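Novice: Enclosed is the structure file coords32.txt (compact mmCIF, N, CA and C atoms).
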```
# COMPACT_ATOMS: atom_id res chain seq x y z
N VAL A 1429 22.44 202.14 52.57
CA VAL A 1429 22.76 201.26 53.68
C VAL A 1429 21.48 200.82 54.40
N ILE A 1430 20.54 201.73 54.60
CA ILE A 1430 19.30 201.39 55.29
C ILE A 1430 18.49 200.39 54.46
N GLU A 1431 18.49 200.54 53.15
CA GLU A 1431 17.77 199.60 52.28
C GLU A 1431 18.32 198.18 52.43
N ALA A 1432 19.61 198.05 52.68
CA ALA A 1432 20.22 196.73 52.81
C ALA A 1432 19.67 195.99 54.03
N LEU A 1433 19.22 196.72 55.05
CA LEU A 1433 18.67 196.09 56.25
C LEU A 1433 17.21 195.69 56.08
N LYS A 1434 16.56 196.22 55.06
CA LYS A 1434 15.15 195.92 54.83
C LYS A 1434 15.01 194.52 54.21
N PRO A 1435 14.24 193.64 54.85
CA PRO A 1435 14.10 192.29 54.31
C PRO A 1435 13.24 192.27 53.05
N ALA A 1436 13.32 191.19 52.32
CA ALA A 1436 12.49 191.02 51.12
C ALA A 1436 11.02 191.03 51.54
N SER A 1437 10.19 191.66 50.72
CA SER A 1437 8.76 191.73 51.06
C SER A 1437 8.16 190.33 51.11
N GLU A 1438 8.71 189.41 50.33
CA GLU A 1438 8.23 188.03 50.34
C GLU A 1438 8.43 187.40 51.72
N LEU A 1439 9.53 187.73 52.38
CA LEU A 1439 9.80 187.22 53.72
C LEU A 1439 8.76 187.75 54.71
N VAL A 1440 8.46 189.03 54.63
CA VAL A 1440 7.47 189.63 55.52
C VAL A 1440 6.09 189.01 55.27
N GLU A 1441 5.76 188.77 54.00
CA GLU A 1441 4.47 188.14 53.67
C GLU A 1441 4.38 186.73 54.27
N LEU A 1442 5.47 185.98 54.19
CA LEU A 1442 5.49 184.64 54.79
C LEU A 1442 5.28 184.72 56.30
N LEU A 1443 5.95 185.65 56.94
CA LEU A 1443 5.80 185.81 58.40
C LEU A 1443 4.38 186.21 58.76
N GLU A 1444 3.76 187.07 57.95
CA GLU A 1444 2.37 187.46 58.22
C GLU A 1444 1.43 186.27 58.07
N GLU A 1445 1.66 185.45 57.05
CA GLU A 1445 0.81 184.27 56.88
C GLU A 1445 1.00 183.30 58.04
N ARG A 1446 2.25 183.13 58.47
CA ARG A 1446 2.51 182.26 59.62
C ARG A 1446 1.80 182.78 60.87
N ARG A 1447 1.82 184.10 61.05
CA ARG A 1447 1.14 184.69 62.20
C ARG A 1447 -0.36 184.39 62.15
N ARG A 1448 -0.95 184.53 60.96
CA ARG A 1448 -2.38 184.22 60.81
C ARG A 1448 -2.67 182.76 61.14
N LEU A 1449 -1.79 181.86 60.71
CA LEU A 1449 -1.97 180.44 61.02
C LEU A 1449 -1.90 180.19 62.52
N LEU A 1450 -0.95 180.83 63.18
CA LEU A 1450 -0.82 180.66 64.63
C LEU A 1450 -2.06 181.18 65.35
N GLU A 1451 -2.59 182.30 64.90
CA GLU A 1451 -3.82 182.83 65.49
C GLU A 1451 -4.98 181.87 65.24
N SER A 1452 -5.02 181.25 64.07
CA SER A 1452 -6.07 180.28 63.75
C SER A 1452 -5.97 179.06 64.66
N MET A 1453 -4.74 178.62 64.94
CA MET A 1453 -4.56 177.48 65.85
C MET A 1453 -5.15 177.79 67.21
N SER A 1454 -4.86 178.97 67.71
CA SER A 1454 -5.37 179.39 69.01
C SER A 1454 -6.89 179.51 68.99
N GLU A 1455 -7.42 180.10 67.94
CA GLU A 1455 -8.87 180.29 67.81
C GLU A 1455 -9.59 178.94 67.71
N ASN A 1456 -9.03 178.01 66.95
CA ASN A 1456 -9.65 176.69 66.83
C ASN A 1456 -9.65 175.95 68.15
N TRP A 1457 -8.60 176.13 68.94
CA TRP A 1457 -8.59 175.50 70.27
C TRP A 1457 -9.73 176.07 71.12
N ARG A 1458 -9.94 177.39 71.04
CA ARG A 1458 -11.04 178.00 71.80
C ARG A 1458 -12.38 177.41 71.37
N LYS A 1459 -12.54 177.20 70.06
CA LYS A 1459 -13.79 176.61 69.56
C LYS A 1459 -13.97 175.20 70.10
N LEU A 1460 -12.89 174.44 70.17
CA LEU A 1460 -12.95 173.09 70.72
C LEU A 1460 -13.36 173.15 72.19
N GLU A 1461 -12.75 174.05 72.93
CA GLU A 1461 -13.05 174.17 74.36
C GLU A 1461 -14.51 174.58 74.57
N GLU A 1462 -15.01 175.46 73.71
CA GLU A 1462 -16.40 175.92 73.81
C GLU A 1462 -17.38 174.89 73.25
N ARG A 1463 -16.85 173.83 72.68
CA ARG A 1463 -17.62 172.75 72.07
C ARG A 1463 -18.41 173.18 70.84
N SER A 1464 -17.94 174.24 70.20
CA SER A 1464 -18.58 174.63 68.94
C SER A 1464 -17.88 173.95 67.76
N LEU A 1465 -16.85 173.15 68.08
CA LEU A 1465 -16.12 172.39 67.09
C LEU A 1465 -15.89 170.99 67.67
N SER A 1466 -16.23 169.96 66.90
CA SER A 1466 -16.05 168.59 67.41
C SER A 1466 -14.56 168.26 67.48
N ARG A 1467 -14.22 167.29 68.31
CA ARG A 1467 -12.82 166.87 68.44
C ARG A 1467 -12.27 166.38 67.10
N HIS A 1468 -13.09 165.65 66.36
CA HIS A 1468 -12.66 165.13 65.05
C HIS A 1468 -12.35 166.27 64.08
N ALA A 1469 -13.29 167.22 63.98
CA ALA A 1469 -13.09 168.36 63.08
C ALA A 1469 -11.89 169.18 63.53
N TYR A 1470 -11.75 169.35 64.84
CA TYR A 1470 -10.61 170.10 65.37
C TYR A 1470 -9.29 169.46 64.97
N ARG A 1471 -9.20 168.15 65.12
CA ARG A 1471 -7.95 167.46 64.80
C ARG A 1471 -7.61 167.60 63.32
N GLN A 1472 -8.61 167.54 62.46
CA GLN A 1472 -8.36 167.72 61.03
C GLN A 1472 -7.82 169.12 60.73
N VAL A 1473 -8.48 170.12 61.29
CA VAL A 1473 -8.06 171.51 61.05
C VAL A 1473 -6.68 171.75 61.66
N ALA A 1474 -6.47 171.29 62.88
CA ALA A 1474 -5.19 171.50 63.56
C ALA A 1474 -4.05 170.86 62.78
N SER A 1475 -4.28 169.67 62.27
CA SER A 1475 -3.25 168.97 61.50
C SER A 1475 -2.91 169.75 60.23
N ARG A 1476 -3.93 170.23 59.54
CA ARG A 1476 -3.72 171.01 58.32
C ARG A 1476 -2.95 172.29 58.62
N LEU A 1477 -3.32 172.98 59.70
CA LEU A 1477 -2.64 174.23 60.06
C LEU A 1477 -1.18 173.97 60.43
N ARG A 1478 -0.92 172.90 61.16
CA ARG A 1478 0.46 172.59 61.55
C ARG A 1478 1.32 172.25 60.34
N ARG A 1479 0.75 171.47 59.41
CA ARG A 1479 1.51 171.14 58.19
C ARG A 1479 1.83 172.40 57.39
N ARG A 1480 0.86 173.26 57.23
CA ARG A 1480 1.07 174.49 56.47
C ARG A 1480 2.09 175.39 57.17
N GLU A 1481 2.03 175.47 58.49
CA GLU A 1481 2.98 176.29 59.23
C GLU A 1481 4.40 175.76 59.03
N GLU A 1482 4.55 174.45 59.02
CA GLU A 1482 5.87 173.86 58.81
C GLU A 1482 6.38 174.14 57.39
N GLU A 1483 5.50 174.10 56.40
CA GLU A 1483 5.89 174.46 55.03
C GLU A 1483 6.39 175.90 54.98
N LEU A 1484 5.65 176.79 55.61
CA LEU A 1484 6.04 178.20 55.61
C LEU A 1484 7.33 178.43 56.39
N ARG A 1485 7.53 177.67 57.45
CA ARG A 1485 8.77 177.78 58.22
C ARG A 1485 9.97 177.42 57.34
N ARG A 1486 9.82 176.34 56.56
CA ARG A 1486 10.90 175.94 55.65
C ARG A 1486 11.15 177.01 54.58
N ALA A 1487 10.07 177.56 54.03
CA ALA A 1487 10.21 178.62 53.01
C ALA A 1487 10.88 179.85 53.61
N THR A 1488 10.54 180.17 54.86
CA THR A 1488 11.17 181.30 55.55
C THR A 1488 12.66 181.06 55.70
N ARG A 1489 13.01 179.84 56.10
CA ARG A 1489 14.43 179.50 56.27
C ARG A 1489 15.19 179.65 54.96
N ASN A 1490 14.58 179.24 53.85
CA ASN A 1490 15.24 179.38 52.55
C ASN A 1490 15.45 180.85 52.18
N LEU A 1491 14.45 181.69 52.43
CA LEU A 1491 14.60 183.11 52.12
C LEU A 1491 15.61 183.79 53.05
N LEU A 1492 15.74 183.26 54.23
CA LEU A 1492 16.63 183.85 55.23
C LEU A 1492 18.10 183.77 54.83
N LYS A 1493 18.41 182.84 53.94
CA LYS A 1493 19.80 182.67 53.49
C LYS A 1493 20.31 183.92 52.79
N LYS A 1494 19.39 184.73 52.25
CA LYS A 1494 19.76 185.94 51.52
C LYS A 1494 19.84 187.17 52.43
N GLU A 1495 19.44 187.01 53.68
CA GLU A 1495 19.33 188.16 54.58
C GLU A 1495 20.56 188.31 55.48
N SER A 1496 20.62 189.47 56.16
CA SER A 1496 21.78 189.77 57.00
C SER A 1496 21.43 189.72 58.49
N GLY A 1497 22.40 189.98 59.33
CA GLY A 1497 22.39 189.85 60.79
C GLY A 1497 21.11 190.15 61.54
N GLU A 1498 20.68 191.40 61.55
CA GLU A 1498 19.54 191.79 62.38
C GLU A 1498 18.25 191.13 61.91
N VAL A 1499 18.06 191.03 60.61
CA VAL A 1499 16.86 190.38 60.07
C VAL A 1499 16.85 188.91 60.49
N VAL A 1500 17.98 188.25 60.38
CA VAL A 1500 18.09 186.83 60.76
C VAL A 1500 17.76 186.67 62.24
N ARG A 1501 18.30 187.55 63.07
CA ARG A 1501 18.05 187.48 64.51
C ARG A 1501 16.56 187.64 64.81
N MET A 1502 15.91 188.59 64.14
CA MET A 1502 14.49 188.84 64.38
C MET A 1502 13.63 187.66 63.92
N VAL A 1503 13.99 187.06 62.80
CA VAL A 1503 13.22 185.91 62.31
C VAL A 1503 13.42 184.71 63.23
N ARG A 1504 14.61 184.55 63.76
CA ARG A 1504 14.83 183.46 64.73
C ARG A 1504 13.98 183.68 65.98
N GLU A 1505 13.88 184.93 66.42
CA GLU A 1505 13.02 185.26 67.56
C GLU A 1505 11.56 184.94 67.22
N PHE A 1506 11.15 185.26 66.00
CA PHE A 1506 9.80 184.91 65.52
C PHE A 1506 9.59 183.40 65.63
N ASP A 1507 10.58 182.62 65.15
CA ASP A 1507 10.48 181.16 65.19
C ASP A 1507 10.34 180.64 66.61
N ILE A 1508 11.08 181.22 67.53
CA ILE A 1508 11.00 180.81 68.94
C ILE A 1508 9.59 181.05 69.46
N ARG A 1509 9.03 182.22 69.17
CA ARG A 1509 7.67 182.55 69.63
C ARG A 1509 6.63 181.66 68.95
N ALA A 1510 6.82 181.38 67.67
CA ALA A 1510 5.88 180.52 66.95
C ALA A 1510 5.87 179.12 67.55
N THR A 1511 7.05 178.61 67.86
CA THR A 1511 7.16 177.29 68.49
C THR A 1511 6.46 177.29 69.85
N ARG A 1512 6.62 178.38 70.57
CA ARG A 1512 5.97 178.49 71.89
C ARG A 1512 4.45 178.44 71.74
N VAL A 1513 3.91 179.14 70.74
CA VAL A 1513 2.45 179.12 70.52
C VAL A 1513 2.00 177.69 70.20
N ILE A 1514 2.68 177.03 69.28
CA ILE A 1514 2.30 175.67 68.88
C ILE A 1514 2.37 174.72 70.08
N ASN A 1515 3.44 174.80 70.84
CA ASN A 1515 3.59 173.92 72.01
C ASN A 1515 2.53 174.19 73.06
N ASN A 1516 2.23 175.46 73.30
CA ASN A 1516 1.22 175.78 74.31
C ASN A 1516 -0.17 175.35 73.88
N VAL A 1517 -0.49 175.48 72.60
CA VAL A 1517 -1.79 175.00 72.12
C VAL A 1517 -1.87 173.49 72.29
N SER A 1518 -0.78 172.78 72.01
CA SER A 1518 -0.76 171.33 72.21
C SER A 1518 -0.94 170.97 73.68
N ARG A 1519 -0.31 171.73 74.56
CA ARG A 1519 -0.46 171.48 75.99
C ARG A 1519 -1.89 171.76 76.45
N MET A 1520 -2.53 172.79 75.88
CA MET A 1520 -3.92 173.08 76.23
C MET A 1520 -4.84 171.96 75.75
N GLU A 1521 -4.56 171.40 74.57
CA GLU A 1521 -5.33 170.25 74.07
C GLU A 1521 -5.22 169.10 75.05
N ASP A 1522 -4.01 168.82 75.50
CA ASP A 1522 -3.77 167.73 76.44
C ASP A 1522 -4.51 167.97 77.76
N LEU A 1523 -4.46 169.19 78.25
CA LEU A 1523 -5.16 169.52 79.50
C LEU A 1523 -6.67 169.33 79.34
N LEU A 1524 -7.22 169.74 78.20
CA LEU A 1524 -8.65 169.58 77.96
C LEU A 1524 -9.03 168.10 77.95
N ARG A 1525 -8.20 167.31 77.29
CA ARG A 1525 -8.44 165.87 77.23
C ARG A 1525 -8.38 165.25 78.64
N ARG A 1526 -7.37 165.63 79.41
CA ARG A 1526 -7.22 165.09 80.77
C ARG A 1526 -8.36 165.53 81.67
N ALA A 1527 -8.80 166.78 81.53
CA ALA A 1527 -9.92 167.27 82.34
C ALA A 1527 -11.21 166.54 81.96
N GLY A 1528 -11.39 166.29 80.68
CA GLY A 1528 -12.57 165.56 80.22
C GLY A 1528 -12.64 164.14 80.75
N ARG A 1529 -11.48 163.56 80.98
CA ARG A 1529 -11.42 162.19 81.53
C ARG A 1529 -11.39 162.18 83.05
N GLY A 1530 -11.40 163.35 83.66
CA GLY A 1530 -11.39 163.43 85.12
C GLY A 1530 -10.03 163.21 85.74
N LEU A 1531 -8.97 163.32 84.95
CA LEU A 1531 -7.62 163.09 85.48
C LEU A 1531 -7.06 164.30 86.21
N ILE A 1532 -7.61 165.48 85.92
CA ILE A 1532 -7.24 166.68 86.68
C ILE A 1532 -8.53 167.42 87.03
N SER A 1533 -8.49 168.17 88.10
CA SER A 1533 -9.69 168.90 88.53
C SER A 1533 -9.95 170.07 87.59
N LYS A 1534 -11.20 170.50 87.57
CA LYS A 1534 -11.57 171.65 86.74
C LYS A 1534 -10.79 172.90 87.17
N ARG A 1535 -10.57 173.01 88.48
CA ARG A 1535 -9.83 174.17 88.99
C ARG A 1535 -8.40 174.18 88.47
N ASP A 1536 -7.73 173.02 88.54
CA ASP A 1536 -6.36 172.92 88.03
C ASP A 1536 -6.33 173.16 86.52
N TYR A 1537 -7.33 172.61 85.85
CA TYR A 1537 -7.42 172.80 84.39
C TYR A 1537 -7.50 174.29 84.07
N ARG A 1538 -8.45 174.99 84.70
CA ARG A 1538 -8.64 176.42 84.45
C ARG A 1538 -7.37 177.21 84.73
N ARG A 1539 -6.73 176.90 85.85
CA ARG A 1539 -5.51 177.63 86.25
C ARG A 1539 -4.40 177.44 85.22
N GLU A 1540 -4.16 176.19 84.84
CA GLU A 1540 -3.07 175.90 83.90
C GLU A 1540 -3.36 176.45 82.51
N VAL A 1541 -4.60 176.32 82.07
CA VAL A 1541 -4.97 176.83 80.74
C VAL A 1541 -4.87 178.36 80.72
N SER A 1542 -5.24 179.00 81.80
CA SER A 1542 -5.15 180.45 81.88
C SER A 1542 -3.71 180.92 81.70
N VAL A 1543 -2.77 180.25 82.35
CA VAL A 1543 -1.35 180.59 82.22
C VAL A 1543 -0.89 180.40 80.78
N LEU A 1544 -1.28 179.27 80.17
CA LEU A 1544 -0.87 178.99 78.79
C LEU A 1544 -1.48 179.99 77.81
N GLU A 1545 -2.75 180.35 78.03
CA GLU A 1545 -3.40 181.32 77.14
C GLU A 1545 -2.69 182.67 77.19
N LYS A 1546 -2.28 183.09 78.39
CA LYS A 1546 -1.56 184.36 78.53
C LYS A 1546 -0.22 184.29 77.80
N GLU A 1547 0.46 183.15 77.89
CA GLU A 1547 1.74 182.99 77.18
C GLU A 1547 1.53 183.05 75.67
N VAL A 1548 0.45 182.44 75.19
CA VAL A 1548 0.14 182.47 73.75
C VAL A 1548 -0.13 183.91 73.31
N GLU A 1549 -0.93 184.64 74.08
CA GLU A 1549 -1.22 186.04 73.74
C GLU A 1549 0.06 186.86 73.71
N LYS A 1550 0.91 186.67 74.70
CA LYS A 1550 2.17 187.42 74.77
C LYS A 1550 3.06 187.09 73.56
N ALA A 1551 3.13 185.81 73.22
CA ALA A 1551 3.95 185.40 72.06
C ALA A 1551 3.40 186.00 70.77
N LEU A 1552 2.07 186.02 70.62
CA LEU A 1552 1.47 186.59 69.41
C LEU A 1552 1.71 188.10 69.33
N LEU A 1553 1.68 188.78 70.47
CA LEU A 1553 1.99 190.22 70.48
C LEU A 1553 3.44 190.47 70.07
N THR A 1554 4.35 189.64 70.57
CA THR A 1554 5.76 189.77 70.20
C THR A 1554 5.94 189.52 68.71
N ILE A 1555 5.23 188.52 68.19
CA ILE A 1555 5.29 188.22 66.76
C ILE A 1555 4.81 189.42 65.94
N ASP A 1556 3.71 190.04 66.37
CA ASP A 1556 3.21 191.25 65.69
C ASP A 1556 4.26 192.35 65.69
N THR A 1557 4.91 192.54 66.83
CA THR A 1557 5.96 193.57 66.94
C THR A 1557 7.10 193.28 65.98
N ILE A 1558 7.52 192.04 65.91
CA ILE A 1558 8.61 191.66 65.01
C ILE A 1558 8.24 191.96 63.56
N ILE A 1559 7.02 191.59 63.17
CA ILE A 1559 6.58 191.83 61.79
C ILE A 1559 6.55 193.33 61.50
N ARG A 1560 6.04 194.12 62.45
CA ARG A 1560 6.01 195.58 62.25
C ARG A 1560 7.41 196.15 62.06
N LYS A 1561 8.37 195.66 62.85
CA LYS A 1561 9.75 196.15 62.74
C LYS A 1561 10.37 195.78 61.39
N LEU A 1562 9.97 194.63 60.87
CA LEU A 1562 10.53 194.18 59.59
C LEU A 1562 9.85 194.83 58.39
N SER A 1563 8.65 195.33 58.58
CA SER A 1563 7.88 195.91 57.47
C SER A 1563 8.44 197.25 57.02
```
Output the file's structure as structure tokens, nothing else.

Specialist:
Amino acid sequence: VIEALKPASELVELLEERRRLLESMSENWRKLEERSLSRHAYRQVASRLRRREEELRRATRNLLKKESGEVVRMVREFDIRATRVINNVSRMEDLLRRAGRGLISKRDYRREVSVLEKEVEKALLTIDTIIRKLS
């Protein structure tokens, strides 16, 4: 009975790869903010990471058809957190662009980005917990 609750190892591998991609998205945004990555290079990398994450999300959904209740619930929770990371990174990009154009003050920029960064960290920790529980 306990074995029946254990998800396919392929599913866990997909979730781990998705987690790595989400961490890369966050790290690349930091590089953009620190100006160690040009906006052009950042956009190329970000686009590639988002496309790959969407491919893996679809593959996860296909594998999920074979799984049962608790595993499905945990993967859905993973998806919610992954979406939150992607959305927050996009919002941080927008804030950086607006601050660069002088549309918001540096103080407001720092405050808002700080909140979003904490949310991203929290979501990534939750994602790690979910993967550990499924492993």

Novice: Quick one: of A:Thr1488, A:Asn1456, A:Asn1515, A:Ser1475, who's nearest to Glu1438 of chain A, counting all atoms listed in the file?

Specialist: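 The shortest atom-to-atom distance to Glu1438 of chain A comes from A:Thr1488.
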
Novice: How far is it from atom CA of Arg1458 of chain A to atom CA of Glu1444 of chain A, in Å with one decimal?

Specialist: 21.3 Å

Novice: Considering only C-alpha atoms, can you say which of A:Ala1527, A:Leu1491, A:Leu1484, A:Leu1552 comes closest to Leu1450 of chain A?

Specialist: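 Comparing A:Ala1527, A:Leu1491, A:Leu1484, A:Leu1552 against Leu1450 of chain A, the winner is A:Leu1552.
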
Novice: Quick check, in Å to one decimal: how far apart do atom CA of Val1473 of chain A and atom CA of Asp1507 of chain A lie?

Specialist: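 Computing it gives 21.3 Å between the two atoms.
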
Novice: DSSP on the backbone, then: every residue of segment 1434-1537 of chain A marked helix (DSSP H, G or I), written as a PyMOL selection string.

Specialist: chain A and resi 1437-1461+1467-1492+1497-1528+1534-1537

Novice: For Asp1522 of chain A, please output as an MDAnalysis selection string all residues within 12 Å (counting only C-alpha atoms; exclusion window: fewer than 6 positions along the same chain).

Specialist: chainID A and resid 1457 1461 1515:1516 1528:1529 1531:1532 1537 1540:1541 1544

Novice: Could you dump the residues just selected with N, CA and C atoms as a JSON list (two decimals), in the coordinates of the input?

Specialist:
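The new file part20.json reads:
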```
[["chain", "number", "residue", "atom", "x", "y", "z"],
["A", 1457, "TRP", "N", -8.60, 176.13, 68.94],
["A", 1457, "TRP", "CA", -8.59, 175.50, 70.27],
["A", 1457, "TRP", "C", -9.73, 176.07, 71.12],
["A", 1461, "GLU", "N", -12.75, 174.05, 72.93],
["A", 1461, "GLU", "CA", -13.05, 174.17, 74.36],
["A", 1461, "GLU", "C", -14.51, 174.58, 74.57],
["A", 1515, "ASN", "N", 3.44, 174.80, 70.84],
["A", 1515, "ASN", "CA", 3.59, 173.92, 72.01],
["A", 1515, "ASN", "C", 2.53, 174.19, 73.06],
["A", 1516, "ASN", "N", 2.23, 175.46, 73.30],
["A", 1516, "ASN", "CA", 1.22, 175.78, 74.31],
["A", 1516, "ASN", "C", -0.17, 175.35, 73.88],
["A", 1528, "GLY", "N", -11.39, 166.29, 80.68],
["A", 1528, "GLY", "CA", -12.57, 165.56, 80.22],
["A", 1528, "GLY", "C", -12.64, 164.14, 80.75],
["A", 1529, "ARG", "N", -11.48, 163.56, 80.98],
["A", 1529, "ARG", "CA", -11.42, 162.19, 81.53],
["A", 1529, "ARG", "C", -11.39, 162.18, 83.05],
["A", 1531, "LEU", "N", -8.97, 163.32, 84.95],
["A", 1531, "LEU", "CA", -7.62, 163.09, 85.48],
["A", 1531, "LEU", "C", -7.06, 164.30, 86.21],
["A", 1532, "ILE", "N", -7.61, 165.48, 85.92],
["A", 1532, "ILE", "CA", -7.24, 166.68, 86.68],
["A", 1532, "ILE", "C", -8.53, 167.42, 87.03],
["A", 1537, "TYR", "N", -7.33, 172.61, 85.85],
["A", 1537, "TYR", "CA", -7.42, 172.80, 84.39],
["A", 1537, "TYR", "C", -7.50, 174.29, 84.07],
["A", 1540, "GLU", "N", -4.16, 176.19, 84.84],
["A", 1540, "GLU", "CA", -3.07, 175.90, 83.90],
["A", 1540, "GLU", "C", -3.36, 176.45, 82.51],
["A", 1541, "VAL", "N", -4.60, 176.32, 82.07],
["A", 1541, "VAL", "CA", -4.97, 176.83, 80.74],
["A", 1541, "VAL", "C", -4.87, 178.36, 80.72],
["A", 1544, "LEU", "N", -1.28, 179.27, 80.17],
["A", 1544, "LEU", "CA", -0.87, 178.99, 78.79],
["A", 1544, "LEU", "C", -1.48, 179.99, 77.81]]
```

Novice: If I put a ball of radius 12 Å at (5.1, 185.3, 72.4) in the file's coordinates, which residues poke into it when counting only C-alpha atoms, written as an NGL selection string?

Specialist: :A and (1447 or 1450-1451 or 1505-1516 or 1544-1558)

Novice: For a test of reading the model, state the distance in Å between atom C of Leu1449 of chain A and atom N of Lys1494 of chain A, rounded to one decimal.

Specialist: 24.1 Å

Novice: Using all atoms listed in the file, pick whichever of A:Leu1442, A:Met1453, A:Leu1524, A:Leu1492 has the shortest atom-to-atom distance to Ala1474 of chain A.

Specialist: A:Met1453
